[in-house]
Amino acid sequence: MTKVPVRKFVYQLIVFSVIMAVAGVAFQWMVPQYASPAIPFIVIFFFLITLFTLYTVLRMPHQITGKKFIAGYMLSRIVKIFSTFVFLILYMILNKEDRWNFAGAFMVIYFSYSIFEILALKKQ
């Protein structure tokens with residue numbers, strides 16, 4: 001595996017996050033009864049956690065190959081899953097009136113960022 005420029009992924013992640021934020025605002029505008037007001041914060045959270053995981057995995061791929069790369073990637077996925085789970089549970093506990101709309105938006109955004117991350121890594 002060759003060294004992958006992290007800047008390229010940061011740029012792609014920024015573009016993807018802007019698209020997700022615009023889609024979230026459009027969803028809030030079109031069907032406000034089903035949209036969580038926390039959608040922009042969910043996008044920011046996933047931007048930061050995806051940036052961290054991609055940076056962790058891609059910072060030195062030329063030195064980490066084979067099993068070490070896979071182990072590093074799996075570790076980053078575990079950190080991402082646990083941090084998102086904690087974020088989701090805390091919000092649902094603290095804001096009971098918005099919890100189901102939030103959970104739905106959270107899952108859609110979670111899977112969107114996961115697909116983005118897999119496609120970004122697969123291209124390399």
# chains A, B, ... in the order shown; residues from 1 in each chain; ligands from 1
call {"tool": "residues_around", "arguments": {"residues": "A:Tyr113", "least_positions_apart": "4", "cutoff": "8 Å", "atoms": "only C-alpha atoms", "output": "ChimeraX atom specification"}}
result
/A:46,50,109,117
call {"tool": "residues_around", "arguments": {"residues": "stretch 20-37 of chain A", "least_positions_apart": "3", "cutoff": "9 Å", "atoms": "only C-alpha atoms", "output": "JSON, numbers by chain"}}
result
{"A": [15, 16, 17, 40, 41, 43, 44, 98, 99, 100, 101, 102, 103, 104, 105, 109, 112]}
call {"tool": "residues_around", "arguments": {"residues": "stretch 73-81 of chain A", "least_positions_apart": "6", "cutoff": "12 Å", "atoms": "only C-alpha atoms", "output": "number ranges by chain"}}
result
A: 45-59, 61, 64-67, 87-88, 107, 110-111, 113-114, 117-118, 121
call {"tool": "select_by_dssp", "arguments": {"residues": "stretch 16-98 of chain A", "states": "alpha helix (DSSP H)", "output": "PyMOL selection string"}}
result
chain A and resi 16-30+39-58+67-94
call {"tool": "decode", "arguments": {"residues": "stretch 5-20 of chain A", "atoms": "all heavy atoms", "output": "PDB file, in the first residue's frame"}}
result
ATOM      1  N   PRO A   5      -2.222  10.581   0.746  1.00  0.00           N
ATOM      2  CA  PRO A   5      -2.239  11.931   1.304  1.00  0.00           C
ATOM      3  C   PRO A   5      -3.475  12.148   2.168  1.00  0.00           C
ATOM      4  O   PRO A   5      -4.609  12.008   1.697  1.00  0.00           O
ATOM      5  CB  PRO A   5      -2.240  12.840   0.086  1.00  0.00           C
ATOM      6  CG  PRO A   5      -2.575  11.979  -1.083  1.00  0.00           C
ATOM      7  CD  PRO A   5      -2.344  10.550  -0.684  1.00  0.00           C
ATOM      8  N   VAL A   6      -3.244  12.468   3.420  1.00  0.00           N
ATOM      9  CA  VAL A   6      -4.346  12.675   4.351  1.00  0.00           C
ATOM     10  C   VAL A   6      -5.150  13.908   3.948  1.00  0.00           C
ATOM     11  O   VAL A   6      -6.371  13.934   4.120  1.00  0.00           O
ATOM     12  CB  VAL A   6      -3.809  12.788   5.797  1.00  0.00           C
ATOM     13  CG1 VAL A   6      -4.919  13.113   6.770  1.00  0.00           C
ATOM     14  CG2 VAL A   6      -3.107  11.503   6.202  1.00  0.00           C
ATOM     15  N   ARG A   7      -4.482  14.895   3.363  1.00  0.00           N
ATOM     16  CA  ARG A   7      -5.184  16.115   2.934  1.00  0.00           C
ATOM     17  C   ARG A   7      -6.304  15.808   1.947  1.00  0.00           C
ATOM     18  O   ARG A   7      -7.354  16.431   1.979  1.00  0.00           O
ATOM     19  CB  ARG A   7      -4.206  17.086   2.289  1.00  0.00           C
ATOM     20  CG  ARG A   7      -3.293  17.749   3.264  1.00  0.00           C
ATOM     21  CD  ARG A   7      -2.423  18.740   2.557  1.00  0.00           C
ATOM     22  NE  ARG A   7      -1.444  19.273   3.482  1.00  0.00           N
ATOM     23  CZ  ARG A   7      -0.514  20.114   3.159  1.00  0.00           C
ATOM     24  NH1 ARG A   7      -0.409  20.517   1.900  1.00  0.00           N
ATOM     25  NH2 ARG A   7       0.323  20.554   4.052  1.00  0.00           N
ATOM     26  N   LYS A   8      -6.070  14.852   1.076  1.00  0.00           N
ATOM     27  CA  LYS A   8      -7.085  14.458   0.089  1.00  0.00           C
ATOM     28  C   LYS A   8      -8.340  13.961   0.803  1.00  0.00           C
ATOM     29  O   LYS A   8      -9.465  14.325   0.443  1.00  0.00           O
ATOM     30  CB  LYS A   8      -6.520  13.371  -0.817  1.00  0.00           C
ATOM     31  CG  LYS A   8      -7.504  12.781  -1.789  1.00  0.00           C
ATOM     32  CD  LYS A   8      -6.859  11.668  -2.583  1.00  0.00           C
ATOM     33  CE  LYS A   8      -7.855  10.924  -3.424  1.00  0.00           C
ATOM     34  NZ  LYS A   8      -7.248   9.791  -4.126  1.00  0.00           N
ATOM     35  N   PHE A   9      -8.157  13.156   1.832  1.00  0.00           N
ATOM     36  CA  PHE A   9      -9.302  12.626   2.563  1.00  0.00           C
ATOM     37  C   PHE A   9      -9.978  13.692   3.407  1.00  0.00           C
ATOM     38  O   PHE A   9     -11.194  13.681   3.555  1.00  0.00           O
ATOM     39  CB  PHE A   9      -8.883  11.438   3.407  1.00  0.00           C
ATOM     40  CG  PHE A   9      -8.626  10.231   2.578  1.00  0.00           C
ATOM     41  CD1 PHE A   9      -7.339   9.861   2.267  1.00  0.00           C
ATOM     42  CD2 PHE A   9      -9.661   9.491   2.060  1.00  0.00           C
ATOM     43  CE1 PHE A   9      -7.090   8.770   1.476  1.00  0.00           C
ATOM     44  CE2 PHE A   9      -9.435   8.387   1.258  1.00  0.00           C
ATOM     45  CZ  PHE A   9      -8.139   8.040   0.970  1.00  0.00           C
ATOM     46  N   VAL A  10      -9.204  14.606   3.940  1.00  0.00           N
ATOM     47  CA  VAL A  10      -9.801  15.705   4.702  1.00  0.00           C
ATOM     48  C   VAL A  10     -10.688  16.533   3.773  1.00  0.00           C
ATOM     49  O   VAL A  10     -11.817  16.883   4.128  1.00  0.00           O
ATOM     50  CB  VAL A  10      -8.717  16.576   5.367  1.00  0.00           C
ATOM     51  CG1 VAL A  10      -9.320  17.834   5.964  1.00  0.00           C
ATOM     52  CG2 VAL A  10      -7.978  15.779   6.434  1.00  0.00           C
ATOM     53  N   TYR A  11     -10.192  16.820   2.578  1.00  0.00           N
ATOM     54  CA  TYR A  11     -10.988  17.573   1.604  1.00  0.00           C
ATOM     55  C   TYR A  11     -12.264  16.810   1.245  1.00  0.00           C
ATOM     56  O   TYR A  11     -13.362  17.380   1.249  1.00  0.00           O
ATOM     57  CB  TYR A  11     -10.157  17.857   0.345  1.00  0.00           C
ATOM     58  CG  TYR A  11     -10.947  18.523  -0.742  1.00  0.00           C
ATOM     59  CD1 TYR A  11     -11.284  19.868  -0.657  1.00  0.00           C
ATOM     60  CD2 TYR A  11     -11.382  17.799  -1.851  1.00  0.00           C
ATOM     61  CE1 TYR A  11     -12.033  20.488  -1.654  1.00  0.00           C
ATOM     62  CE2 TYR A  11     -12.119  18.417  -2.850  1.00  0.00           C
ATOM     63  CZ  TYR A  11     -12.441  19.749  -2.746  1.00  0.00           C
ATOM     64  OH  TYR A  11     -13.175  20.348  -3.730  1.00  0.00           O
ATOM     65  N   GLN A  12     -12.132  15.519   0.939  1.00  0.00           N
ATOM     66  CA  GLN A  12     -13.309  14.712   0.597  1.00  0.00           C
ATOM     67  C   GLN A  12     -14.289  14.651   1.769  1.00  0.00           C
ATOM     68  O   GLN A  12     -15.505  14.701   1.576  1.00  0.00           O
ATOM     69  CB  GLN A  12     -12.884  13.300   0.200  1.00  0.00           C
ATOM     70  CG  GLN A  12     -12.166  13.222  -1.108  1.00  0.00           C
ATOM     71  CD  GLN A  12     -11.648  11.825  -1.406  1.00  0.00           C
ATOM     72  OE1 GLN A  12     -11.589  10.958  -0.528  1.00  0.00           O
ATOM     73  NE2 GLN A  12     -11.254  11.597  -2.652  1.00  0.00           N
ATOM     74  N   LEU A  13     -13.750  14.546   2.979  1.00  0.00           N
ATOM     75  CA  LEU A  13     -14.593  14.486   4.168  1.00  0.00           C
ATOM     76  C   LEU A  13     -15.324  15.806   4.385  1.00  0.00           C
ATOM     77  O   LEU A  13     -16.501  15.813   4.750  1.00  0.00           O
ATOM     78  CB  LEU A  13     -13.756  14.125   5.395  1.00  0.00           C
ATOM     79  CG  LEU A  13     -14.492  13.992   6.715  1.00  0.00           C
ATOM     80  CD1 LEU A  13     -15.558  12.906   6.631  1.00  0.00           C
ATOM     81  CD2 LEU A  13     -13.509  13.689   7.834  1.00  0.00           C
ATOM     82  N   ILE A  14     -14.654  16.921   4.141  1.00  0.00           N
ATOM     83  CA  ILE A  14     -15.303  18.225   4.271  1.00  0.00           C
ATOM     84  C   ILE A  14     -16.436  18.356   3.260  1.00  0.00           C
ATOM     85  O   ILE A  14     -17.546  18.776   3.607  1.00  0.00           O
ATOM     86  CB  ILE A  14     -14.279  19.369   4.116  1.00  0.00           C
ATOM     87  CG1 ILE A  14     -13.354  19.412   5.340  1.00  0.00           C
ATOM     88  CG2 ILE A  14     -14.974  20.711   3.922  1.00  0.00           C
ATOM     89  CD1 ILE A  14     -12.164  20.335   5.187  1.00  0.00           C
ATOM     90  N   VAL A  15     -16.174  17.981   2.013  1.00  0.00           N
ATOM     91  CA  VAL A  15     -17.210  18.059   0.974  1.00  0.00           C
ATOM     92  C   VAL A  15     -18.391  17.159   1.349  1.00  0.00           C
ATOM     93  O   VAL A  15     -19.558  17.574   1.266  1.00  0.00           O
ATOM     94  CB  VAL A  15     -16.635  17.682  -0.409  1.00  0.00           C
ATOM     95  CG1 VAL A  15     -17.744  17.503  -1.440  1.00  0.00           C
ATOM     96  CG2 VAL A  15     -15.630  18.730  -0.870  1.00  0.00           C
ATOM     97  N   PHE A  16     -18.095  15.939   1.767  1.00  0.00           N
ATOM     98  CA  PHE A  16     -19.159  15.005   2.149  1.00  0.00           C
ATOM     99  C   PHE A  16     -19.956  15.552   3.335  1.00  0.00           C
ATOM    100  O   PHE A  16     -21.194  15.468   3.359  1.00  0.00           O
ATOM    101  CB  PHE A  16     -18.562  13.634   2.490  1.00  0.00           C
ATOM    102  CG  PHE A  16     -19.588  12.615   2.870  1.00  0.00           C
ATOM    103  CD1 PHE A  16     -20.394  12.029   1.904  1.00  0.00           C
ATOM    104  CD2 PHE A  16     -19.759  12.248   4.192  1.00  0.00           C
ATOM    105  CE1 PHE A  16     -21.356  11.090   2.251  1.00  0.00           C
ATOM    106  CE2 PHE A  16     -20.709  11.306   4.549  1.00  0.00           C
ATOM    107  CZ  PHE A  16     -21.510  10.731   3.577  1.00  0.00           C
ATOM    108  N   SER A  17     -19.281  16.135   4.314  1.00  0.00           N
ATOM    109  CA  SER A  17     -19.958  16.674   5.494  1.00  0.00           C
ATOM    110  C   SER A  17     -20.840  17.864   5.142  1.00  0.00           C
ATOM    111  O   SER A  17     -21.936  18.011   5.701  1.00  0.00           O
ATOM    112  CB  SER A  17     -18.934  17.066   6.554  1.00  0.00           C
ATOM    113  OG  SER A  17     -18.245  15.925   7.008  1.00  0.00           O
ATOM    114  N   VAL A  18     -20.387  18.694   4.225  1.00  0.00           N
ATOM    115  CA  VAL A  18     -21.213  19.820   3.775  1.00  0.00           C
ATOM    116  C   VAL A  18     -22.478  19.289   3.088  1.00  0.00           C
ATOM    117  O   VAL A  18     -23.585  19.789   3.327  1.00  0.00           O
ATOM    118  CB  VAL A  18     -20.423  20.762   2.847  1.00  0.00           C
ATOM    119  CG1 VAL A  18     -21.330  21.744   2.132  1.00  0.00           C
ATOM    120  CG2 VAL A  18     -19.345  21.494   3.641  1.00  0.00           C
ATOM    121  N   ILE A  19     -22.311  18.270   2.266  1.00  0.00           N
ATOM    122  CA  ILE A  19     -23.475  17.659   1.604  1.00  0.00           C
ATOM    123  C   ILE A  19     -24.438  17.082   2.644  1.00  0.00           C
ATOM    124  O   ILE A  19     -25.659  17.268   2.546  1.00  0.00           O
ATOM    125  CB  ILE A  19     -23.024  16.578   0.595  1.00  0.00           C
ATOM    126  CG1 ILE A  19     -22.303  17.234  -0.581  1.00  0.00           C
ATOM    127  CG2 ILE A  19     -24.205  15.740   0.116  1.00  0.00           C
ATOM    128  CD1 ILE A  19     -21.579  16.250  -1.490  1.00  0.00           C
ATOM    129  N   MET A  20     -23.895  16.401   3.651  1.00  0.00           N
ATOM    130  CA  MET A  20     -24.740  15.834   4.705  1.00  0.00           C
ATOM    131  C   MET A  20     -25.443  16.932   5.501  1.00  0.00           C
ATOM    132  O   MET A  20     -26.618  16.793   5.854  1.00  0.00           O
ATOM    133  CB  MET A  20     -23.904  14.962   5.647  1.00  0.00           C
ATOM    134  CG  MET A  20     -23.397  13.681   5.026  1.00  0.00           C
ATOM    135  SD  MET A  20     -24.707  12.583   4.465  1.00  0.00           S
ATOM    136  CE  MET A  20     -25.448  12.120   6.010  1.00  0.00           C
TER     137      MET A  20
END
